[in-house]
$ cat structure22.cif   # mmCIF, C-alpha atoms
data_target
#
loop_
_atom_site.label_atom_id
_atom_site.label_comp_id
_atom_site.auth_asym_id
_atom_site.auth_seq_id
_atom_site.Cartn_x
_atom_site.Cartn_y
_atom_site.Cartn_z
CA MET A 15 0.00 0.00 0.00
CA SER A 16 1.86 3.10 -1.24
CA PRO A 17 1.45 6.47 0.53
CA PRO A 18 -1.31 8.48 -1.21
CA VAL A 19 0.21 11.74 -2.50
CA ALA A 20 -2.07 14.77 -2.53
CA PRO A 21 -2.99 16.03 -6.00
CA PRO A 22 -2.41 19.69 -6.98
CA GLY A 23 -4.75 22.03 -5.13
CA TRP A 24 -5.39 19.60 -2.26
CA SER A 25 -6.09 21.53 0.94
CA ARG A 26 -3.84 20.65 3.84
CA TRP A 27 -6.80 21.32 6.17
CA LEU A 28 -8.35 18.03 5.03
CA VAL A 29 -5.56 16.06 6.73
CA PRO A 30 -6.42 16.89 10.39
CA PRO A 31 -9.96 15.44 10.03
CA ALA A 32 -8.43 12.19 8.73
CA ALA A 33 -6.20 12.07 11.79
CA LEU A 34 -9.13 12.89 14.06
CA ALA A 35 -11.15 9.95 12.73
CA VAL A 36 -8.44 7.59 13.96
CA HIS A 37 -7.53 9.38 17.18
CA LEU A 38 -11.13 9.88 18.33
CA SER A 39 -11.59 6.12 17.98
CA ILE A 40 -8.45 4.89 19.74
CA GLY A 41 -8.98 7.57 22.40
CA GLN A 42 -11.63 5.25 23.83
CA ALA A 43 -8.78 3.88 25.95
CA TYR A 44 -9.23 6.85 28.27
CA ALA A 45 -12.76 5.69 29.11
CA TRP A 46 -11.56 2.32 30.43
CA SER A 47 -12.37 3.32 34.02
CA VAL A 48 -16.08 3.08 33.15
CA PHE A 49 -15.62 -0.67 32.61
CA LYS A 50 -13.59 -1.25 35.79
CA PRO A 51 -16.42 -1.57 38.37
CA PRO A 52 -18.59 -3.86 36.17
CA LEU A 53 -15.62 -6.08 35.36
CA GLU A 54 -14.60 -6.28 39.02
CA SER A 55 -18.13 -7.32 39.97
CA ALA A 56 -18.81 -9.69 37.05
CA LEU A 57 -15.44 -11.48 37.09
CA ASP A 58 -14.50 -11.02 40.77
CA LEU A 59 -11.40 -8.92 40.03
CA SER A 60 -9.39 -6.54 42.21
CA GLY A 61 -8.76 -2.93 41.21
CA THR A 62 -5.25 -3.85 40.14
CA GLN A 63 -6.51 -6.73 37.99
CA SER A 64 -9.20 -4.68 36.29
CA ALA A 65 -6.56 -2.10 35.37
CA LEU A 66 -4.33 -4.70 33.65
CA PRO A 67 -5.97 -4.59 30.16
CA PHE A 68 -5.56 -0.80 30.13
CA GLN A 69 -1.98 -1.00 31.41
CA LEU A 70 -0.96 -3.61 28.86
CA GLY A 71 -2.64 -1.55 26.13
CA ILE A 72 -0.49 1.46 27.01
CA VAL A 73 2.64 -0.73 27.18
CA MET A 74 1.90 -2.13 23.71
CA LEU A 75 1.14 1.37 22.47
CA GLY A 76 4.67 2.47 23.31
CA LEU A 77 6.35 -0.72 22.09
CA SER A 78 4.48 -0.88 18.79
CA ALA A 79 5.10 2.83 18.19
CA ALA A 80 8.81 2.40 18.94
CA PHE A 81 9.39 -0.68 16.80
CA GLY A 82 6.95 0.30 14.08
CA GLY A 83 7.86 3.99 13.80
CA THR A 84 10.39 3.57 11.00
CA LEU A 85 8.06 1.24 9.12
CA VAL A 86 5.23 3.76 9.44
CA GLU A 87 7.53 6.44 8.00
CA ARG A 88 8.39 4.15 5.07
CA ARG A 89 4.92 2.74 4.33
CA GLY A 90 2.98 5.94 4.93
CA PRO A 91 -0.08 6.98 6.95
CA ARG A 92 -2.70 5.00 5.01
CA TRP A 93 -0.95 1.69 5.68
CA ALA A 94 -0.53 2.61 9.35
CA MET A 95 -4.16 3.60 9.77
CA THR A 96 -5.31 0.35 8.17
CA VAL A 97 -3.18 -1.72 10.56
CA ALA A 98 -4.50 0.33 13.48
CA LEU A 99 -8.11 -0.25 12.38
CA ILE A 100 -7.67 -4.02 12.16
CA CYS A 101 -5.86 -4.40 15.48
CA PHE A 102 -7.96 -1.99 17.54
CA SER A 103 -11.30 -3.38 16.37
CA SER A 104 -10.10 -6.99 16.70
CA GLY A 105 -9.05 -6.25 20.26
CA PHE A 106 -12.62 -5.33 21.17
CA LEU A 107 -14.03 -8.42 19.46
CA LEU A 108 -11.63 -10.69 21.36
CA SER A 109 -12.54 -8.89 24.59
CA ALA A 110 -16.23 -9.44 23.86
CA LEU A 111 -15.54 -13.16 23.53
CA GLY A 112 -13.54 -13.10 26.75
CA ALA A 113 -16.32 -11.37 28.67
CA ALA A 114 -19.00 -13.68 27.28
CA THR A 115 -17.03 -16.79 28.28
CA GLU A 116 -15.74 -15.24 31.54
CA GLN A 117 -12.14 -15.67 30.39
CA TYR A 118 -10.31 -12.73 31.95
CA TRP A 119 -7.04 -13.54 30.17
CA LEU A 120 -8.76 -13.13 26.79
CA ILE A 121 -9.85 -9.60 27.72
CA VAL A 122 -6.27 -8.80 28.72
CA PHE A 123 -4.94 -10.30 25.47
CA GLY A 124 -7.59 -8.73 23.24
CA TYR A 125 -7.90 -5.22 24.64
CA GLY A 126 -4.36 -5.00 26.02
CA PHE A 127 -2.11 -6.81 23.55
CA VAL A 128 -3.90 -6.79 20.19
CA GLY A 129 -5.78 -3.55 20.77
CA GLY A 130 -2.64 -1.96 22.22
CA ILE A 131 -0.79 -2.55 18.94
CA GLY A 132 -3.62 -0.72 17.20
CA LEU A 133 -3.27 2.10 19.71
CA GLY A 134 0.44 2.55 19.03
CA ILE A 135 0.37 2.35 15.24
CA GLY A 136 -2.78 4.47 15.08
CA TYR A 137 -1.36 7.09 17.42
CA ILE A 138 1.78 7.79 15.38
CA SER A 139 0.17 7.23 11.97
CA PRO A 140 -0.67 10.89 11.23
CA VAL A 141 1.90 12.77 13.34
CA SER A 142 4.82 12.93 10.90
CA THR A 143 2.42 13.69 8.03
CA LEU A 144 0.82 16.57 9.93
CA ILE A 145 4.19 18.11 10.80
CA LYS A 146 5.17 17.95 7.13
CA TRP A 147 1.90 19.59 6.09
CA PHE A 148 2.20 22.32 8.78
CA PRO A 149 5.93 23.15 9.28
CA ASP A 150 4.90 26.71 10.18
CA ARG A 151 2.54 25.60 13.02
CA PRO A 152 3.60 22.15 14.21
CA GLY A 153 2.21 22.57 17.72
CA MET A 154 -1.23 23.48 16.45
CA ALA A 155 -1.25 20.76 13.79
CA THR A 156 -0.33 17.90 16.08
CA GLY A 157 -2.60 19.37 18.75
CA ILE A 158 -5.62 19.14 16.45
CA ALA A 159 -5.02 15.46 15.77
CA ILE A 160 -3.86 14.35 19.18
CA MET A 161 -6.79 16.30 20.61
CA GLY A 162 -8.89 13.47 19.22
CA PHE A 163 -7.10 10.89 21.35
CA GLY A 164 -7.85 12.92 24.45
CA GLY A 165 -11.41 13.58 23.35
CA GLY A 166 -12.21 9.98 22.52
CA ALA A 167 -13.40 9.32 26.05
CA LEU A 168 -15.67 12.36 25.90
CA ILE A 169 -17.73 10.30 23.47
CA ALA A 170 -16.92 6.82 24.74
CA SER A 171 -17.50 7.41 28.45
CA PRO A 172 -21.23 8.31 28.38
CA TRP A 173 -21.75 6.00 25.41
CA SER A 174 -20.20 3.06 27.26
CA ALA A 175 -22.13 3.87 30.44
CA GLN A 176 -25.38 3.96 28.46
CA MET A 177 -24.65 0.63 26.81
CA LEU A 178 -23.86 -1.01 30.14
CA GLU A 179 -27.12 0.38 31.49
CA SER A 180 -29.02 -1.03 28.51
CA PHE A 181 -27.22 -4.37 28.13
CA GLY A 182 -26.53 -4.93 31.83
CA THR A 183 -23.37 -4.96 33.90
CA ASP A 184 -22.96 -8.72 34.02
CA ASN A 185 -20.47 -10.50 31.78
CA VAL A 186 -22.96 -10.81 28.91
CA GLY A 187 -23.80 -7.09 28.99
CA ILE A 188 -20.10 -6.20 29.01
CA ALA A 189 -19.56 -8.55 26.03
CA TYR A 190 -22.28 -6.82 24.02
CA ALA A 191 -20.77 -3.41 24.82
CA PHE A 192 -17.33 -4.54 23.65
CA LEU A 193 -18.84 -5.97 20.45
CA VAL A 194 -20.63 -2.72 19.56
CA HIS A 195 -17.44 -0.74 20.23
CA GLY A 196 -15.36 -2.92 17.92
CA LEU A 197 -17.76 -2.76 14.98
CA THR A 198 -18.51 0.97 15.30
CA TYR A 199 -14.88 2.03 15.55
CA ALA A 200 -13.97 -0.07 12.50
CA VAL A 201 -16.40 1.95 10.39
CA PHE A 202 -15.33 5.32 11.79
CA MET A 203 -11.57 4.69 11.44
CA SER A 204 -12.02 3.72 7.80
CA LEU A 205 -12.92 7.37 7.10
CA GLY A 206 -9.40 8.39 8.06
CA VAL A 207 -7.91 5.63 5.89
CA LEU A 208 -9.77 6.94 2.84
CA LEU A 209 -9.09 10.65 3.44
CA VAL A 210 -5.41 10.87 4.44
CA ARG A 211 -2.78 12.22 1.98
CA VAL A 212 0.92 13.10 2.11
CA PRO A 213 2.23 16.46 0.80
CA PRO A 214 3.54 16.43 -2.80
CA THR A 215 6.42 18.85 -2.13
CA ALA A 216 8.73 19.94 0.70
CA ARG A 217 6.85 23.27 0.88
CA PRO A 218 3.14 22.38 1.22
CA ALA A 219 2.06 26.03 1.71
CA SER A 220 3.55 29.06 -0.02
CA ASP A 221 3.80 31.04 3.23
CA ALA A 222 5.34 28.17 5.22
CA PRO A 223 9.01 27.21 5.57
CA ALA A 224 10.31 24.14 3.77
CA VAL A 225 9.84 20.88 5.66
CA THR A 226 13.60 20.24 5.54
CA ALA A 227 14.58 23.68 6.91
CA GLY A 228 16.90 23.63 9.94
CA PRO A 229 19.02 20.85 11.46
CA GLN A 230 17.93 17.27 10.72
CA VAL A 231 18.73 14.27 12.91
CA SER A 232 18.04 10.60 12.14
CA ALA A 233 16.16 8.39 14.57
CA ARG A 234 19.27 6.28 15.16
CA SER A 235 21.32 9.36 16.04
CA ALA A 236 18.56 10.94 18.12
CA VAL A 237 18.44 8.11 20.65
CA ARG A 238 22.15 8.64 21.28
CA THR A 239 21.65 12.23 22.42
CA PRO A 240 20.99 13.39 26.00
CA GLN A 241 18.14 15.55 24.67
CA PHE A 242 16.14 12.46 23.67
CA TRP A 243 16.46 10.85 27.09
CA LEU A 244 15.72 14.06 28.95
CA LEU A 245 12.52 14.42 26.91
CA TRP A 246 11.80 10.74 27.57
CA LEU A 247 11.99 11.46 31.30
CA VAL A 248 9.87 14.62 30.97
CA LEU A 249 7.13 12.77 29.08
CA CYS A 250 7.24 9.77 31.42
CA MET A 251 6.84 11.90 34.55
CA ASN A 252 4.06 14.04 33.09
CA VAL A 253 2.15 11.01 31.80
CA THR A 254 2.55 9.02 35.03
CA ALA A 255 1.07 11.91 37.01
CA GLY A 256 -1.91 12.33 34.67
CA ILE A 257 -2.69 8.71 33.89
CA GLY A 258 -2.83 7.81 37.57
CA ILE A 259 -5.92 10.00 37.97
CA LEU A 260 -7.39 9.16 34.58
CA GLU A 261 -7.36 5.38 34.94
CA LYS A 262 -8.88 5.57 38.46
CA ALA A 263 -11.08 8.62 37.86
CA ALA A 264 -14.55 7.18 38.48
CA PRO A 265 -13.75 5.23 41.68
CA MET A 266 -11.44 8.00 42.97
CA ILE A 267 -14.04 10.76 43.04
CA THR A 268 -16.54 8.31 44.54
CA ASP A 269 -14.10 7.40 47.34
CA PHE A 270 -13.11 11.01 48.06
CA PHE A 271 -16.69 12.02 48.84
CA ALA A 272 -18.14 8.70 50.01
CA ASP A 273 -18.54 9.98 53.58
CA SER A 274 -19.81 13.43 52.64
CA SER A 275 -23.42 14.59 52.81
CA ALA A 276 -23.66 14.35 49.01
CA PRO A 277 -21.82 11.22 47.79
CA VAL A 278 -21.01 10.87 44.09
CA SER A 279 -23.29 8.50 42.14
CA ALA A 280 -22.09 6.15 39.40
CA THR A 281 -23.69 8.40 36.78
CA ALA A 282 -21.98 11.49 38.19
CA ALA A 283 -18.66 9.63 38.31
CA ALA A 284 -19.04 8.74 34.61
CA GLY A 285 -19.77 12.42 33.97
CA PHE A 286 -16.56 13.31 35.81
CA VAL A 287 -14.64 10.98 33.48
CA ALA A 288 -16.21 12.78 30.53
CA LEU A 289 -15.19 16.16 32.00
CA LEU A 290 -11.62 14.94 32.39
CA SER A 291 -11.70 13.84 28.77
CA ALA A 292 -12.87 17.31 27.73
CA ALA A 293 -10.01 18.90 29.67
CA ASN A 294 -7.58 16.40 28.18
CA MET A 295 -8.85 17.25 24.70
CA ALA A 296 -8.91 21.03 25.23
CA GLY A 297 -5.37 20.94 26.66
CA ARG A 298 -4.07 19.18 23.59
CA ILE A 299 -5.14 21.88 21.17
CA GLY A 300 -4.99 24.87 23.56
CA TRP A 301 -1.62 24.30 25.22
CA SER A 302 0.10 22.93 22.10
CA THR A 303 -1.02 25.98 20.10
CA THR A 304 0.25 28.20 22.92
CA SER A 305 3.63 26.45 22.64
CA ASP A 306 3.97 27.85 19.11
CA LEU A 307 3.94 31.30 20.73
CA ILE A 308 5.92 30.88 23.97
CA GLY A 309 8.17 27.91 23.15
CA ARG A 310 8.18 24.24 24.11
CA LYS A 311 10.43 24.50 27.17
CA ASN A 312 8.28 27.24 28.70
CA ILE A 313 5.06 25.33 28.20
CA TYR A 314 6.53 22.24 29.86
CA ARG A 315 7.51 24.41 32.82
CA VAL A 316 3.81 25.15 33.17
CA TYR A 317 2.76 21.50 32.77
CA LEU A 318 5.17 20.21 35.40
CA GLY A 319 5.35 23.09 37.88
CA VAL A 320 1.68 24.05 38.03
CA GLY A 321 0.73 20.37 37.78
CA ALA A 322 2.62 19.64 41.00
CA LEU A 323 0.75 22.52 42.67
CA MET A 324 -2.62 21.07 41.57
CA TYR A 325 -1.72 17.69 43.04
CA ALA A 326 -0.77 19.41 46.30
CA LEU A 327 -4.21 21.05 46.40
CA ILE A 328 -5.98 17.70 45.92
CA TRP A 329 -3.81 16.09 48.59
CA SER A 330 -4.38 18.81 51.19
CA LEU A 331 -7.85 20.19 50.41
CA GLY A 332 -9.47 17.90 47.81
CA ASP A 333 -12.00 16.24 50.11
CA SER A 334 -13.21 19.58 51.50
CA SER A 335 -14.68 20.86 48.23
CA LYS A 336 -15.99 19.07 45.16
CA PRO A 337 -15.45 22.10 42.90
CA LEU A 338 -11.81 22.37 44.05
CA PHE A 339 -11.21 18.65 43.51
CA VAL A 340 -12.79 18.73 40.04
CA LEU A 341 -11.01 21.95 39.00
CA ALA A 342 -7.57 20.72 40.08
CA ALA A 343 -8.13 17.39 38.30
CA LEU A 344 -9.23 19.19 35.13
CA VAL A 345 -6.09 21.34 35.14
CA ILE A 346 -3.88 18.27 35.64
CA LEU A 347 -5.58 16.46 32.76
CA SER A 348 -5.28 19.51 30.50
CA PHE A 349 -1.52 19.49 31.15
CA TYR A 350 -1.41 15.76 30.61
CA GLY A 351 -3.03 16.13 27.20
CA GLY A 352 -1.01 19.21 26.34
CA GLY A 353 2.20 17.32 27.05
CA PHE A 354 1.30 14.64 24.52
CA ALA A 355 0.33 17.15 21.83
CA THR A 356 3.38 19.36 22.34
CA VAL A 357 6.07 16.69 22.40
CA PRO A 358 6.07 16.03 18.59
CA ALA A 359 6.71 19.74 18.00
CA TYR A 360 9.42 19.70 20.71
CA LEU A 361 11.04 16.79 18.83
CA LYS A 362 10.74 18.68 15.55
CA ASP A 363 12.46 21.72 17.09
CA LEU A 364 15.35 19.61 18.36
CA PHE A 365 15.72 16.94 15.67
CA GLY A 366 13.98 18.32 12.55
CA THR A 367 11.47 16.50 10.36
CA TYR A 368 13.83 13.99 8.73
CA GLN A 369 12.63 11.01 10.81
CA VAL A 370 10.47 12.75 13.39
CA GLY A 371 7.78 10.06 13.22
CA ALA A 372 10.26 7.31 14.05
CA ILE A 373 11.81 9.41 16.84
CA HIS A 374 8.34 10.08 18.23
CA GLY A 375 7.58 6.38 18.17
CA ARG A 376 10.71 5.61 20.18
CA LEU A 377 9.90 8.35 22.66
CA LEU A 378 6.49 6.81 23.31
CA THR A 379 8.18 4.00 25.24
CA ALA A 380 8.01 6.61 28.01
CA TRP A 381 4.23 6.30 27.74
CA SER A 382 4.52 2.52 28.06
CA THR A 383 6.50 2.93 31.26
CA ALA A 384 4.09 5.52 32.60
CA GLY A 385 1.12 3.36 31.64
CA VAL A 386 2.39 0.79 34.11
CA LEU A 387 3.68 3.18 36.78
CA GLY A 388 0.68 5.52 37.06
CA PRO A 389 -2.12 2.96 37.53
CA LEU A 390 0.18 0.66 39.52
CA ILE A 391 1.06 3.40 42.01
CA VAL A 392 -2.53 4.54 42.51
CA ASN A 393 -4.17 1.08 42.50
CA TRP A 394 -1.51 -0.70 44.54
CA VAL A 395 -1.43 2.02 47.21
CA ALA A 396 -5.25 2.13 47.33
CA ASP A 397 -5.47 -1.67 47.67
CA ARG A 398 -2.86 -1.70 50.49
CA GLN A 399 -4.57 1.16 52.32
CA GLU A 400 -7.94 -0.56 52.03
CA GLU A 401 -6.45 -3.74 53.47
CA ALA A 402 -5.19 -1.64 56.37
CA GLY A 403 -8.76 -0.55 57.09
CA LYS A 404 -8.58 2.95 55.61
CA HIS A 405 -11.17 4.46 53.31
CA GLY A 406 -12.09 7.65 51.46
CA PRO A 407 -9.30 10.15 50.65
CA SER A 408 -6.87 8.18 52.86
CA LEU A 409 -6.68 5.59 50.10
CA TYR A 410 -4.84 8.05 47.83
CA GLY A 411 -2.70 10.29 50.06
CA VAL A 412 0.59 8.45 49.55
CA SER A 413 0.16 8.15 45.80
CA LEU A 414 -0.61 11.88 45.47
CA VAL A 415 2.65 12.76 47.23
CA VAL A 416 4.53 10.40 44.91
CA MET A 417 3.01 12.17 41.88
CA ILE A 418 4.21 15.54 43.16
CA GLY A 419 7.74 14.14 43.41
CA LEU A 420 7.62 12.70 39.89
CA LEU A 421 6.54 16.04 38.43
CA ALA A 422 9.45 17.73 40.20
CA VAL A 423 11.84 15.25 38.57
CA GLY A 424 10.33 16.02 35.17
CA PHE A 425 10.67 19.76 35.78
CA VAL A 426 14.41 19.42 36.42
CA ALA A 427 14.86 17.25 33.31
CA ASN A 428 13.13 19.86 31.14
CA GLU A 429 15.47 22.55 32.45
CA LEU A 430 18.46 20.51 31.29
CA VAL A 431 17.33 20.29 27.62
CA ARG A 432 19.70 22.11 25.24
CA PRO A 433 19.99 22.24 21.39
CA VAL A 434 21.37 19.09 19.78
CA HIS A 435 25.12 19.17 19.08
CA PRO A 436 25.90 19.62 15.34
CA ARG A 437 27.81 16.31 15.26
CA HIS A 438 24.45 14.54 15.32
CA HIS A 439 23.03 16.52 12.36
CA GLU A 440 22.50 14.94 8.96
CA PRO A 441 24.59 16.38 6.07
CA ALA A 442 22.86 18.96 3.90
CA ALA A 443 20.29 17.50 1.48
CA GLY A 444 21.68 16.56 -1.91
CA THR A 445 25.32 16.12 -0.87
CA PRO A 446 27.05 12.79 -1.55
CA ALA A 447 27.52 12.28 2.20
CA GLU A 448 23.81 12.75 2.76
CA THR A 449 22.90 10.26 0.05
CA SER A 450 25.20 7.53 1.31
CA LYS A 451 24.27 8.11 4.97
CA GLU A 452 20.54 7.89 4.28
CA ALA A 453 21.04 4.64 2.39
CA ALA A 454 23.11 3.26 5.25
CA ASP A 455 20.45 4.32 7.76
CA ASP A 456 17.79 2.56 5.72
CA ARG A 457 19.82 -0.66 5.66
CA ARG A 458 20.44 -0.52 9.41
CA GLU A 459 16.80 0.28 10.20
CA GLN A 460 15.36 -2.53 8.04
CA PRO A 461 15.83 -5.44 10.49
CA GLU A 462 14.40 -3.34 13.32
CA SER A 463 11.23 -2.56 11.36
CA ALA A 464 10.66 -5.98 9.86
#

$ encode --input "structure22.cif" --output "structure tokens"
Amino acid sequence: MSPPVAPPGWSRWLVPPAALAVHLSIGQAYAWSVFKPPLESALDLSGTQSALPFQLGIVMLGLSAAFGGTLVERRGPRWAMTVALICFSSGFLLSALGAATEQYWLIVFGYGFVGGIGLGIGYISPVSTLIKWFPDRPGMATGIAIMGFGGGALIASPWSAQMLESFGTDNVGIAYAFLVHGLTYAVFMSLGVLLVRVPPTARPASDAPAVTAGPQVSARSAVRTPQFWLLWLVLCMNVTAGIGILEKAAPMITDFFADSSAPVSATAAAGFVALLSAANMAGRIGWSTTSDLIGRKNIYRVYLGVGALMYALIWSLGDSSKPLFVLAALVILSFYGGGFATVPAYLKDLFGTYQVGAIHGRLLTAWSTAGVLGPLIVNWVADRQEEAGKHGPSLYGVSLVVMIGLLAVGFVANELVRPVHPRHHEPAAGTPAETSKEAADDRREQPESA
């Protein structure tokens, strides 16, 4: 399947909707917490066990993005979106079978492993293409697309809750909900497959700089720089802090106000998940667009510094006021989403567009790590505290302090980021050295992508 090249006169503004069709679908992952209580009840699972399909999905997202990034660059966005469609939808169908037969391992394998591959390939499928279409506004362009991943739960959360209410919260009802998800997302993602195009020239807009302007660094060279690993640490810390709340959102707000005069109902908790998704989505386009104006390092100072302050407010005052708890959580999730949407532009600033998709894929292993750390910290601490006889906000105090520390580590790492040393730059385009080096890179990358 060759990359579809845009014909003359093709509007670059048609590419973000193609990316949104995929990202809005795979963004359902952020609504997983809606399925946690029914799964725990129907299959007799602990909070840690019910989080495992989501955790494995995030791990596979990072691994498939890392190992498939170069192949996605070579095969193009249409191939990548097709692979994502097949894997993501198949993951839901396998999970439906697992729920119907009460085979927990099949849900983990389907949603986590197979669906997680779809998450990773689908996530990176449009990023490099968008940066090449919008070299003048990379933060905004990637923000529009990645906004869809954050906003997927805004649709999926109430939709999933309604299906569980209609089908039932036993294993059969959960199976029907998974089945409908898989079939519906297959249809919606196919719109992106049909619409996506790659730019025909290095200057897709007359008023934009050339795609190849500035220093260019290969994916192989990028991972040998301190800048890559500092950004890896920044992304990992920011994601760990955000995903810990997101994965546990519905039960967390219920626990925080369980002993209050107005406890949070299951419907209200699902609404809270939807609000977090809206903040996640708004942060992706709002903060990433702001980064085009104030710079990537400055915007990450906001994400990490102010994010730590919001966690401190939840830890110290969260159970005293629902509006304060909700507001602080919304800010944290907006930073969480903004961090994802801004990092491709940060990579473009440091390493250029030469292999930015492959570099981005490798960086997403930070997301895999965070996908394990965040839910593990929050769920494991909550389970241990519950065993000790504690309840309500006491279940989360230790994990909130840990999140504050992780954000501080990320803040320091961001401060240490400097421009990439010229020895890592690719030779100027068209020179004999450039031609031979690119061919050598392709030969070295082939076994890794196969």

$ closest_residue --input "structure22.cif" --among "A:Ala396, A:Ala167, A:Leu414, A:Met251" --to "A:Thr383" --atoms "all atoms listed in the file"
A:Met251

$ resolve_selection --input "structure22.cif" --expression "the PyMOL selection byres ((chain A and resi 199) around 9)" --output "list in words"
Val36, Ser39, Ile40, Leu99, Phe102, Ser103, Val194, His195, Gly196, Leu197, Thr198, Ala200, Val201, Phe202, Met203 and Ser204 of chain A

$ residues_around --input "structure22.cif" --residues "A:Ser330" --least-positions-apart "5" --cutoff "12 Å" --atoms "all atoms listed in the file" --output "number ranges by chain"
A: 323-325, 335, 338-339, 342, 407-408, 410-412, 414-415

$ closest_residue --input "structure22.cif" --among "A:Ile72, A:Leu28, A:Met266, A:Ala65" --to "A:Phe49" --atoms "only C-alpha atoms"
A:Ala65

$ resolve_selection --input "structure22.cif" --expression "the PyMOL selection byres ((chain A and resi 239) around 12)" --output "ChimeraX atom specification"
/A:231-238,240-246,364-365,373,431-439

$ closest_residue --input "structure22.cif" --among "A:Trp27, A:Tyr118, A:Phe192, A:Tyr44" --to "A:Gln63" --atoms "all atoms listed in the file"
A:Tyr118

$ residues_around --input "structure22.cif" --residues "A:Pro21" --least-positions-apart "4" --cutoff "9 Å" --atoms "only C-alpha atoms" --output "tab-separated table (two decimals) with C-alpha atoms, in the coordinates of the input"
chain	number	residue	atom	x	y	z
A	211	ARG	CA	-2.78	12.22	1.98
A	213	PRO	CA	2.23	16.46	0.80
A	214	PRO	CA	3.54	16.43	-2.80

$ resolve_selection --input "structure22.cif" --expression "the PyMOL selection byres ((chain A and resi 363) around 10)" --output "PDB file with C-alpha atoms, in the coordinates of the input"
ATOM      1  CA  PRO A 152       3.600  22.150  14.210  1.00  0.00           C
ATOM      2  CA  GLY A 228      16.900  23.630   9.940  1.00  0.00           C
ATOM      3  CA  PRO A 229      19.020  20.850  11.460  1.00  0.00           C
ATOM      4  CA  GLN A 230      17.930  17.270  10.720  1.00  0.00           C
ATOM      5  CA  GLY A 309       8.170  27.910  23.150  1.00  0.00           C
ATOM      6  CA  ARG A 310       8.180  24.240  24.110  1.00  0.00           C
ATOM      7  CA  VAL A 357       6.070  16.690  22.400  1.00  0.00           C
ATOM      8  CA  PRO A 358       6.070  16.030  18.590  1.00  0.00           C
ATOM      9  CA  ALA A 359       6.710  19.740  18.000  1.00  0.00           C
ATOM     10  CA  TYR A 360       9.420  19.700  20.710  1.00  0.00           C
ATOM     11  CA  LEU A 361      11.040  16.790  18.830  1.00  0.00           C
ATOM     12  CA  LYS A 362      10.740  18.680  15.550  1.00  0.00           C
ATOM     13  CA  LEU A 364      15.350  19.610  18.360  1.00  0.00           C
ATOM     14  CA  PHE A 365      15.720  16.940  15.670  1.00  0.00           C
ATOM     15  CA  GLY A 366      13.980  18.320  12.550  1.00  0.00           C
ATOM     16  CA  THR A 367      11.470  16.500  10.360  1.00  0.00           C
ATOM     17  CA  VAL A 370      10.470  12.750  13.390  1.00  0.00           C
ATOM     18  CA  PRO A 433      19.990  22.240  21.390  1.00  0.00           C
ATOM     19  CA  VAL A 434      21.370  19.090  19.780  1.00  0.00           C
TER      20      VAL A 434
END

$ residues_around --input "structure22.cif" --residues "A:Pro337" --least-positions-apart "4" --cutoff "12 Å" --atoms "only C-alpha atoms" --output "JSON, numbers by chain"
{"A": [267, 271, 286, 327, 328, 331, 332, 333, 341, 342, 343, 344]}

$ residues_around --input "structure22.cif" --residues "A:Val97" --least-positions-apart "6" --cutoff "8 Å" --atoms "all atoms listed in the file" --output "compact mmCIF listing (two decimals) with C-alpha atoms, in the coordinates of the input"
# COMPACT_ATOMS: atom_id res chain seq x y z
CA GLY A 132 -3.62 -0.72 17.20
CA ILE A 135 0.37 2.35 15.24
CA GLY A 136 -2.78 4.47 15.08

$ decode --input "structure22.cif" --residues "stretch 157-172 of chain A" --atoms "C-alpha atoms" --output "mmCIF file, in the first residue's frame"
data_model
loop_
_atom_site.group_PDB
_atom_site.id
_atom_site.type_symbol
_atom_site.label_atom_id
_atom_site.label_comp_id
_atom_site.auth_asym_id
_atom_site.auth_seq_id
_atom_site.Cartn_x
_atom_site.Cartn_y
_atom_site.Cartn_z
ATOM 1 C CA GLY A 157 -2.604 19.371 18.750
ATOM 2 C CA ILE A 158 -5.618 19.140 16.455
ATOM 3 C CA ALA A 159 -5.021 15.461 15.767
ATOM 4 C CA ILE A 160 -3.855 14.354 19.182
ATOM 5 C CA MET A 161 -6.786 16.300 20.614
ATOM 6 C CA GLY A 162 -8.886 13.473 19.225
ATOM 7 C CA PHE A 163 -7.104 10.894 21.347
ATOM 8 C CA GLY A 164 -7.849 12.918 24.452
ATOM 9 C CA GLY A 165 -11.410 13.576 23.354
ATOM 10 C CA GLY A 166 -12.207 9.979 22.516
ATOM 11 C CA ALA A 167 -13.401 9.318 26.053
ATOM 12 C CA LEU A 168 -15.674 12.360 25.897
ATOM 13 C CA ILE A 169 -17.728 10.304 23.471
ATOM 14 C CA ALA A 170 -16.918 6.822 24.738
ATOM 15 C CA SER A 171 -17.504 7.412 28.452
ATOM 16 C CA PRO A 172 -21.229 8.313 28.377
#
